[in-house]
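Participant: Sharing a structure, written as structure tokens. Questions coming.
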Amino acid sequence: QKQLVESGGGLVQPGGSLRLSCAASGFSLDYHAVAWFRQAPGKEREGVSCISSSGANTNYADSVKGRFIISRDLAKNTVYLQMNSLKPEDTAIYYCAAVGPIVQVMCVMTWDRNDYWGQGTQVTVSS
């Protein structure tokens with residue numbers, strides 16, 4: 001069964017850090033682009049970050065630039081989202097999604113343009 005499973009969410013104080021993981025099973029993330037999305041209560045889902053199918057290019061929402069870093073480890077078949085300097089407005093359920101196999105220069109953060117989606121992990125930033 002092909003699936004994505006997120007982990008690493010939790011409760012953290014403002015200014016703290018968390019690292020989210022998106023582990024794929026049943027397929028290889030090689031030649032797959034992966035994106036992270038989030039949805040806060042009462043708000044629309046938004047794209048947070050993505051990494052291209054080659055792994056060479058990344059993209060970030062303006063709200064997280066300079067604070068979040070996306071990376072991947074193909075040996076572990078996992079994509080990570082390192083979140084630093086967290087703010088209360090980062091509180092949301094975080095989802096990862098993947099599309100592929102695909103050859104692309106730049107990734108996009110569009111929810112519907114994916115083949116696989118995870119179930120989400122809760123991130124709460126609060127003192």
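We name chains A, B, ... following the order of the structure tokens; residues begin at 1 in each chain, and ligands are numbered from 1 as shown.
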I'd like a table as a Markdown table: residues in range 16-44 of chain A with an atom no more than 12 Å from range 61-68 of chain A, each row giving the shortest atom pair and its distance in Å to one decimal, only C-alpha atoms counted, sorted by chain and rising residue number.

Facilitator:
```
| residue | atom | partner | partner_atom | distance |
| --- | --- | --- | --- | --- |
| A:Gly16 | CA | A:Arg67 | CA | 10.8 |
| A:Ser17 | CA | A:Phe68 | CA | 9.4 |
| A:Leu18 | CA | A:Phe68 | CA | 9.7 |
| A:Arg19 | CA | A:Phe68 | CA | 9.3 |
| A:Leu20 | CA | A:Phe68 | CA | 10.5 |
| A:Ala35 | CA | A:Ala61 | CA | 11.2 |
| A:Trp36 | CA | A:Ala61 | CA | 10.2 |
| A:Phe37 | CA | A:Ala61 | CA | 9.9 |
| A:Arg38 | CA | A:Ala61 | CA | 11.1 |
```

Participant: So, counting only C-alpha atoms, which residue among A:Ala75, A:Met106, A:Val12, A:Ile69 is closest to Thr91 in chain A?

Facilitator: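 Among A:Ala75, A:Met106, A:Val12, A:Ile69, it is A:Val12 that comes nearest to Thr91 in chain A.
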
Participant: Could you tell me how far CA of Asn114 in chain A sits from CA of Lys87 in chain A, in Å to one decimal place?

Facilitator: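 Calculated distance between CA of Lys87 in chain A and CA of Asn114 in chain A is 28.0 Å.
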
Participant: So how far away is CA of Lys2 in chain A from CA of Val103 in chain A, in Å?

Facilitator: 20.0 Å

Participant: Using only C-alpha atoms, which residues sit within 10 Å of Ala56 in chain A once same-chain residues fewer than 4 positions away are excluded, as a ChimeraX atom specification?

Facilitator: /A:51-52,71,105-107

Participant: Return as a ChimeraX atom specification the full set of residues in chain A whose backbone-based DSSP assignment is strand (DSSP E).

Facilitator: /A:3-7,10-12,18-25,33-39,46-51,58-60,68-73,78-83,92-99,116-117,121-125

Participant: Could you check which of A:Thr110, A:Gln13, A:Gln3, A:Ser126 is closest to Asn84 in chain A, using only C-alpha atoms?

Facilitator: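 Checking each candidate against Asn84 in chain A, we get A:Gln13 as the closest.
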
Participant: I need the residue nearest Pro14 in chain A from this list: A:Ala97, A:Pro88, A:Ile102, A:Trp111. Use only C-alpha atoms for the distance.

Facilitator: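 Answer, going by the shortest atom-to-atom distance: A:Pro88.
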
Participant: For Gln119 in chain A, which residue among A:Tyr60, A:Ser7, A:Gln1, A:Ala92 is the nearest when counting only C-alpha atoms?

Facilitator: A:Ser7

Participant: Expressed in Å to a single decimal, how great is the separation between CA of Ser21 in chain A and CA of Val5 in chain A?

Facilitator: 7.9 Å
